[in-house]
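What follows is a set of notes on a single structure, which appears directly below.
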Amino acid sequence: MEERQSRVAICGKSTAVSADPVQPGKIHEFTALDRSMSQHAIHLVYYYRHGPAMEDLKASLSEALSYYPAMTGRLVKTEMGEWFVNCNDAGVRTIDARADVTLDEWLMSATGEEERQLAYWEEISVEPFLWSPFYIQFTSFKDGAISIGLSCTHMHADPTCASLFMKAWSDCHRQSSISIPPFFHPSVFNPSKNIIPSSPLLSHKSTAASLPNFSAMSSVTFVFSAQSIRRFMSDLALSSTDISPFDALATLFWLRIIVSRGDNTGLAKLTVAVDFRGRMQASLPLGFYGNALHFSKAQADLSSGWGHVASELSRHVAGIKEDDFWSTFQWLQDNRKENSFQMFGPELTCLALDRVPVYSTEFDADVSPVHVTCCVKGAEGEGLIVVMPGPKEEGEEARTVMVTLPADFTAKIRQDEVILKYGPKVMFGPKV
């Protein structure tokens, strides 16, 4: 098939630094959980029909970076070979780009691969003291719409943390106080002495033999309106009343992916990643800078039906205790290795982001994004399901599901009749 010529052109690159200089000698230390994410990167893209002038956005970016000294620093290794951040205010890289289409044309026709062109990224170089762990891309569309793409190493921030930086930046742009200020205290990750280090899932991941080269991956996005959510929640209420939209969507895609692969719909397992901010007795602040994801393994008999599987997932997530998080964290602390392993994948994984307030990122008052996407780089294998909030115009209960799978299976999920009967808007998928 003839490749489509790129519709996105990079016009320039520059560096944004903090409006207020960083105190000399300041460093930011990574936690064991941060370091475990070194094989992954995050890409966020926010779309706006009407956006501020680029120069105004860059000015407010510098103001916002004053509250995030770790973002403008550079990676350095200790004598023990462990990364930390020298907060030297070297800045984040910014990219100016233009798309040769209108926003609506892009949302209707772009593939997942094309969308990656809106979130510029460079892998770490052999000279990390020159490499920026954060890249921010400003893309202008033909109709005056804009997109803002944020890419960063997962070692610095998980999707919640990265999203809250975007929210803080928008607050600064409107000259409002930051509603969820950053919390830079990795020392809060200090498990009780009574915690026994244990993580069978990560222990298996760390010792599993290297798998052969994975198939090429591709992605597709489904946007379910509030009406669609209410419809399938009504269907599931016949068999269960204790499930959430996340439970329902995660298990719907889990089931349909298994069917698309032709696997036996019997006992199956799904790795689930949930954010532990707000789930602890001594609550970890929502603004905590870094990683607070917990990975666990859910299992269910898929032949028992969607409602039963959703209930099983609901019970699993509700049953994750604070001690489980600390046991896993202590296991990571005790098993620090120079060679990290894949956290997202290679087994089928689902990431819960449906409580992250991405659509509250308003650079102009009352102008929310028309769409937000999140991609985790380095999730090759059986696939990744990401469940996020949906656009405000689709209703408060709307949800967005991004699925990354081996390309052959993405095409099948893109046309899956069971999923499509609930009327989702399908975006950024392979062409059919």
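By convention here, the chains of the structure tokens are called A, B, ... in the order presented, each chain's residues are numbered starting at 1, and ligands are numbered starting at 1 in the order presented.
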
Which residues in range 199-421 of chain A does DSSP call strand (DSSP E)? List them as a PyMOL selection string.
chain A and resi 217-224+267-275+293-301+349-352+371-377+384-389+399-406

How would the residues just chosen look if you wrote them out with N, CA and C atoms as a short mmCIF file (atom, residue, chain, number, x, y, z; two decimals), in the first residue's frame?
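This is the output file result-v7.cif:
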data_model
loop_
_atom_site.label_atom_id
_atom_site.label_comp_id
_atom_site.auth_asym_id
_atom_site.auth_seq_id
_atom_site.Cartn_x
_atom_site.Cartn_y
_atom_site.Cartn_z
N MET A 217 2.63 -3.16 16.03
CA MET A 217 1.47 -2.76 16.80
C MET A 217 0.77 -1.59 16.13
N SER A 218 -0.54 -1.50 16.30
CA SER A 218 -1.30 -0.34 15.83
C SER A 218 -2.41 -0.08 16.84
N SER A 219 -3.09 1.02 16.69
CA SER A 219 -4.08 1.40 17.70
C SER A 219 -5.37 1.90 17.07
N VAL A 220 -6.41 1.96 17.89
CA VAL A 220 -7.70 2.51 17.49
C VAL A 220 -8.36 3.08 18.74
N THR A 221 -9.13 4.14 18.56
CA THR A 221 -9.79 4.83 19.67
C THR A 221 -11.29 4.77 19.52
N PHE A 222 -11.98 4.48 20.63
CA PHE A 222 -13.45 4.45 20.66
C PHE A 222 -13.93 5.48 21.69
N VAL A 223 -14.84 6.35 21.26
CA VAL A 223 -15.43 7.33 22.18
C VAL A 223 -16.89 6.95 22.41
N PHE A 224 -17.20 6.60 23.66
CA PHE A 224 -18.56 6.20 24.03
C PHE A 224 -19.25 7.39 24.70
N LEU A 267 -10.96 -19.69 31.44
CA LEU A 267 -10.25 -18.92 32.45
C LEU A 267 -9.14 -18.10 31.78
N ALA A 268 -9.14 -16.81 32.03
CA ALA A 268 -8.15 -15.92 31.42
C ALA A 268 -7.69 -14.89 32.44
N LYS A 269 -6.55 -14.27 32.16
CA LYS A 269 -5.97 -13.29 33.07
C LYS A 269 -5.76 -11.96 32.36
N LEU A 270 -5.87 -10.88 33.13
CA LEU A 270 -5.68 -9.52 32.63
C LEU A 270 -4.87 -8.74 33.66
N THR A 271 -3.77 -8.14 33.22
CA THR A 271 -3.02 -7.26 34.12
C THR A 271 -3.72 -5.91 34.16
N VAL A 272 -3.94 -5.41 35.37
CA VAL A 272 -4.65 -4.15 35.57
C VAL A 272 -3.72 -3.16 36.28
N ALA A 273 -3.63 -1.94 35.73
CA ALA A 273 -2.82 -0.89 36.34
C ALA A 273 -3.75 0.20 36.87
N VAL A 274 -3.72 0.42 38.18
CA VAL A 274 -4.57 1.44 38.80
C VAL A 274 -3.70 2.43 39.56
N ASP A 275 -4.16 3.67 39.64
CA ASP A 275 -3.45 4.74 40.32
C ASP A 275 -3.78 4.69 41.81
N LEU A 293 1.41 4.01 40.10
CA LEU A 293 0.61 2.93 39.53
C LEU A 293 0.90 1.61 40.22
N HIS A 294 -0.14 0.82 40.39
CA HIS A 294 0.00 -0.53 40.95
C HIS A 294 -0.48 -1.53 39.91
N PHE A 295 0.34 -2.53 39.63
CA PHE A 295 0.01 -3.56 38.65
C PHE A 295 -0.37 -4.84 39.38
N SER A 296 -1.49 -5.41 38.97
CA SER A 296 -1.95 -6.67 39.58
C SER A 296 -2.61 -7.52 38.50
N LYS A 297 -2.81 -8.79 38.83
CA LYS A 297 -3.36 -9.73 37.86
C LYS A 297 -4.78 -10.14 38.26
N ALA A 298 -5.74 -9.80 37.40
CA ALA A 298 -7.12 -10.25 37.59
C ALA A 298 -7.36 -11.49 36.74
N GLN A 299 -8.28 -12.33 37.18
CA GLN A 299 -8.63 -13.48 36.36
C GLN A 299 -10.12 -13.76 36.47
N ALA A 300 -10.66 -14.34 35.41
CA ALA A 300 -12.09 -14.66 35.37
C ALA A 300 -12.34 -15.70 34.31
N ASP A 301 -13.46 -16.39 34.47
CA ASP A 301 -13.91 -17.35 33.46
C ASP A 301 -14.70 -16.58 32.42
N THR A 349 -2.81 -5.89 29.00
CA THR A 349 -2.82 -4.99 30.16
C THR A 349 -3.89 -3.93 29.97
N CYS A 350 -4.52 -3.53 31.07
CA CYS A 350 -5.52 -2.46 31.04
C CYS A 350 -5.13 -1.38 32.03
N LEU A 351 -5.10 -0.13 31.56
CA LEU A 351 -4.73 1.02 32.38
C LEU A 351 -5.96 1.86 32.67
N ALA A 352 -6.25 2.06 33.96
CA ALA A 352 -7.42 2.82 34.39
C ALA A 352 -7.05 4.28 34.60
N HIS A 371 -10.90 16.71 22.42
CA HIS A 371 -10.48 15.32 22.51
C HIS A 371 -9.11 15.26 23.16
N VAL A 372 -8.86 14.20 23.94
CA VAL A 372 -7.56 13.96 24.56
C VAL A 372 -7.22 12.49 24.39
N THR A 373 -5.97 12.22 24.02
CA THR A 373 -5.54 10.83 23.90
C THR A 373 -4.28 10.61 24.74
N CYS A 374 -4.06 9.36 25.10
CA CYS A 374 -2.88 8.96 25.87
C CYS A 374 -2.32 7.67 25.29
N CYS A 375 -1.04 7.66 25.01
CA CYS A 375 -0.37 6.47 24.49
C CYS A 375 0.83 6.16 25.38
N VAL A 376 1.03 4.89 25.68
CA VAL A 376 2.21 4.45 26.44
C VAL A 376 3.14 3.74 25.48
N LYS A 377 4.32 4.27 25.31
CA LYS A 377 5.31 3.66 24.41
C LYS A 377 6.00 2.49 25.12
N LEU A 384 -2.59 -3.30 24.90
CA LEU A 384 -2.86 -2.38 26.00
C LEU A 384 -4.22 -1.72 25.78
N ILE A 385 -5.05 -1.73 26.82
CA ILE A 385 -6.36 -1.06 26.83
C ILE A 385 -6.25 0.12 27.79
N VAL A 386 -6.56 1.33 27.33
CA VAL A 386 -6.53 2.51 28.19
C VAL A 386 -7.94 3.09 28.25
N VAL A 387 -8.48 3.22 29.46
CA VAL A 387 -9.82 3.78 29.66
C VAL A 387 -9.69 5.16 30.28
N MET A 388 -10.21 6.17 29.58
CA MET A 388 -10.11 7.57 30.01
C MET A 388 -11.49 8.21 30.03
N PRO A 389 -11.62 9.40 30.61
CA PRO A 389 -12.88 10.14 30.47
C PRO A 389 -13.12 10.49 29.01
N ARG A 399 -16.89 8.03 28.05
CA ARG A 399 -15.57 7.43 28.24
C ARG A 399 -14.90 7.23 26.88
N THR A 400 -13.58 7.32 26.90
CA THR A 400 -12.76 7.05 25.72
C THR A 400 -11.92 5.81 26.00
N VAL A 401 -11.87 4.90 25.04
CA VAL A 401 -11.05 3.69 25.16
C VAL A 401 -10.06 3.65 24.01
N MET A 402 -8.79 3.61 24.33
CA MET A 402 -7.74 3.47 23.32
C MET A 402 -7.16 2.08 23.42
N VAL A 403 -7.10 1.39 22.30
CA VAL A 403 -6.64 0.01 22.27
C VAL A 403 -5.44 -0.09 21.35
N THR A 404 -4.34 -0.65 21.85
CA THR A 404 -3.15 -0.90 21.05
C THR A 404 -2.92 -2.40 21.01
N LEU A 405 -2.88 -2.97 19.82
CA LEU A 405 -2.80 -4.41 19.62
C LEU A 405 -1.89 -4.72 18.44
N PRO A 406 -1.47 -5.99 18.30
CA PRO A 406 -0.84 -6.37 17.04
C PRO A 406 -1.76 -5.98 15.88
#

Please report, as a PyMOL selection string, each residue of range 112-298 of chain A to which DSSP assigns alpha helix (DSSP H) when run on this structure's backbone.
chain A and resi 112-115+159-173+200-207+226-237+245-261

Writer output for current selection, C-alpha atoms, as a short mmCIF file (atom, residue, chain, number, x, y, z; two decimals), in the first residue's frame:
data_model
loop_
_atom_site.label_atom_id
_atom_site.label_comp_id
_atom_site.auth_asym_id
_atom_site.auth_seq_id
_atom_site.Cartn_x
_atom_site.Cartn_y
_atom_site.Cartn_z
CA GLY A 112 -3.03 6.20 15.29
CA GLU A 113 0.41 6.28 13.68
CA GLU A 114 -0.27 9.74 12.26
CA GLU A 115 -1.43 11.01 15.63
CA PRO A 159 -0.17 9.60 32.93
CA THR A 160 -1.92 11.15 35.95
CA CYS A 161 1.14 13.21 36.85
CA ALA A 162 1.69 14.34 33.23
CA SER A 163 -2.00 15.26 32.88
CA LEU A 164 -1.92 17.31 36.07
CA PHE A 165 1.06 19.27 34.77
CA MET A 166 -1.06 20.17 31.73
CA LYS A 167 -3.86 21.21 34.08
CA ALA A 168 -1.46 23.35 36.14
CA TRP A 169 -0.13 24.97 32.98
CA SER A 170 -3.65 25.89 31.90
CA ASP A 171 -4.32 27.36 35.36
CA CYS A 172 -1.19 29.52 35.05
CA HIS A 173 -2.24 30.62 31.57
CA PRO A 200 4.46 -12.49 42.10
CA LEU A 201 3.46 -10.60 38.93
CA LEU A 202 6.57 -8.42 38.76
CA SER A 203 8.78 -11.26 39.93
CA HIS A 204 7.59 -13.28 36.94
CA LYS A 205 8.08 -10.34 34.59
CA SER A 206 11.63 -9.74 35.81
CA THR A 207 12.72 -13.35 35.27
CA ALA A 226 -22.93 9.13 28.06
CA GLN A 227 -25.97 7.65 26.31
CA SER A 228 -23.92 4.67 25.13
CA ILE A 229 -22.53 4.15 28.62
CA ARG A 230 -26.02 4.19 30.14
CA ARG A 231 -27.20 1.72 27.52
CA PHE A 232 -24.64 -0.99 28.21
CA MET A 233 -24.73 -0.36 31.96
CA SER A 234 -28.47 -1.05 31.72
CA ASP A 235 -27.74 -4.28 29.85
CA LEU A 236 -25.26 -5.36 32.53
CA ALA A 237 -27.60 -4.43 35.41
CA PRO A 245 -18.17 2.01 33.59
CA PHE A 246 -14.47 1.14 33.86
CA ASP A 247 -15.28 -2.45 34.84
CA ALA A 248 -17.75 -2.75 31.99
CA LEU A 249 -15.48 -1.27 29.31
CA ALA A 250 -12.32 -3.07 30.42
CA THR A 251 -14.06 -6.43 30.37
CA LEU A 252 -15.92 -5.73 27.10
CA PHE A 253 -12.62 -5.14 25.32
CA TRP A 254 -10.91 -7.99 27.20
CA LEU A 255 -13.58 -10.39 25.97
CA ARG A 256 -13.63 -9.10 22.40
CA ILE A 257 -9.83 -9.15 22.11
CA ILE A 258 -9.76 -12.78 23.26
CA VAL A 259 -12.47 -13.65 20.72
CA SER A 260 -10.61 -11.81 17.93
CA ARG A 261 -7.55 -13.95 18.63
#

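Nearest residue to Ser38 in chain A among A:Lys412, A:His316, A:Arg277, A:His156 is A:His156, counting only C-alpha atoms.
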
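Computed from the coordinates, the CA of Gln342 in chain A to CA of Arg116 in chain A distance equals 21.0 Å.
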
Write out as an MDAnalysis selection string the residues lying within 8 Å of Ser140 in chain A, counting only C-alpha atoms and excluding same-chain residues fewer than 6 positions away.
chainID A and resid 97:99 146:147

Include N, CA, C and O atoms and write out the residues we just selected as a CSV table (one decimal), in the first residue's frame.
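Final file, part_23.csv:
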chain,number,residue,atom,x,y,z
A,97,ALA,N,4.7,23.1,14.9
A,97,ALA,CA,4.4,22.3,13.7
A,97,ALA,C,3.1,22.8,13.1
A,97,ALA,O,2.3,23.5,13.8
A,98,ARG,N,2.8,22.4,11.9
A,98,ARG,CA,1.6,22.8,11.2
A,98,ARG,C,1.0,21.5,10.5
A,98,ARG,O,1.7,20.7,10.0
A,99,ALA,N,-0.3,21.4,10.6
A,99,ALA,CA,-1.0,20.3,10.0
A,99,ALA,C,-1.8,20.9,8.8
A,99,ALA,O,-2.5,21.9,8.9
A,146,ILE,N,-5.8,24.1,17.4
A,146,ILE,CA,-4.5,23.7,17.8
A,146,ILE,C,-4.5,22.3,18.5
A,146,ILE,O,-5.6,21.9,19.0
A,147,SER,N,-3.4,21.7,18.6
A,147,SER,CA,-3.2,20.6,19.5
A,147,SER,C,-1.9,20.8,20.2
A,147,SER,O,-1.0,21.5,19.8

Residues within 10 Å of Ile136 in chain A, please, as number ranges by chain. Count only C-alpha atoms; anything in the same chain fewer than 3 positions from it doesn't count.
A: 13, 15-16, 43-45, 61, 92-96, 118-121, 139, 148-152

Give me, as a ChimeraX atom specification, all polymer residues having an atom no more than 10 Å from Ile195 in chain A, counting only C-alpha atoms and skipping those fewer than 3 positions away in the same chain.
/A:191-192,198,323-324,326-331

Selection file, N, CA, C and O atoms, as a short mmCIF file (atom, residue, chain, number, x, y, z; two decimals), in the first residue's frame:
data_model
loop_
_atom_site.label_atom_id
_atom_site.label_comp_id
_atom_site.auth_asym_id
_atom_site.auth_seq_id
_atom_site.Cartn_x
_atom_site.Cartn_y
_atom_site.Cartn_z
N PRO A 191 7.70 2.46 53.05
CA PRO A 191 6.83 1.43 53.61
C PRO A 191 7.11 1.16 55.09
O PRO A 191 8.22 1.36 55.58
N SER A 192 6.09 0.69 55.77
CA SER A 192 6.25 0.27 57.16
C SER A 192 7.24 -0.89 57.25
O SER A 192 7.40 -1.68 56.32
N SER A 198 6.68 -8.40 48.30
CA SER A 198 6.09 -9.48 47.51
C SER A 198 5.38 -8.91 46.29
O SER A 198 4.61 -7.96 46.40
N ASP A 323 -1.62 -2.34 51.62
CA ASP A 323 -0.48 -3.21 51.87
C ASP A 323 0.00 -3.90 50.59
O ASP A 323 1.20 -4.21 50.46
N ASP A 324 -0.92 -4.16 49.65
CA ASP A 324 -0.51 -4.75 48.37
C ASP A 324 0.41 -3.80 47.62
O ASP A 324 1.41 -4.21 47.03
N TRP A 326 2.27 -1.37 48.96
CA TRP A 326 3.54 -1.25 49.65
C TRP A 326 4.40 -2.50 49.49
O TRP A 326 5.63 -2.42 49.40
N SER A 327 3.76 -3.68 49.46
CA SER A 327 4.53 -4.92 49.27
C SER A 327 5.21 -4.91 47.91
O SER A 327 6.38 -5.32 47.78
N THR A 328 4.48 -4.45 46.89
CA THR A 328 5.06 -4.37 45.55
C THR A 328 6.17 -3.34 45.51
O THR A 328 7.25 -3.58 44.93
N PHE A 329 5.93 -2.18 46.14
CA PHE A 329 6.96 -1.14 46.15
C PHE A 329 8.22 -1.64 46.86
O PHE A 329 9.35 -1.42 46.38
N GLN A 330 8.05 -2.33 47.98
CA GLN A 330 9.21 -2.84 48.71
C GLN A 330 9.93 -3.89 47.90
O GLN A 330 11.17 -3.98 47.92
N TRP A 331 9.18 -4.70 47.14
CA TRP A 331 9.81 -5.70 46.28
C TRP A 331 10.68 -5.01 45.22
O TRP A 331 11.81 -5.43 44.95
#

Within 10 Å of Lys392 in chain A, counting only C-alpha atoms, which residues qualify if same-chain residues fewer than 6 places away don't, as a PyMOL selection string?
chain A and resi 225-226+359-360+368-371+398-399

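The interatomic distance for the pair CA of Asp20 in chain A and CA of Pro133 in chain A works out to 19.7 Å.
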
d(CA of Arg174 in chain A, CA of Ile27 in chain A) in Å
29.4 Å
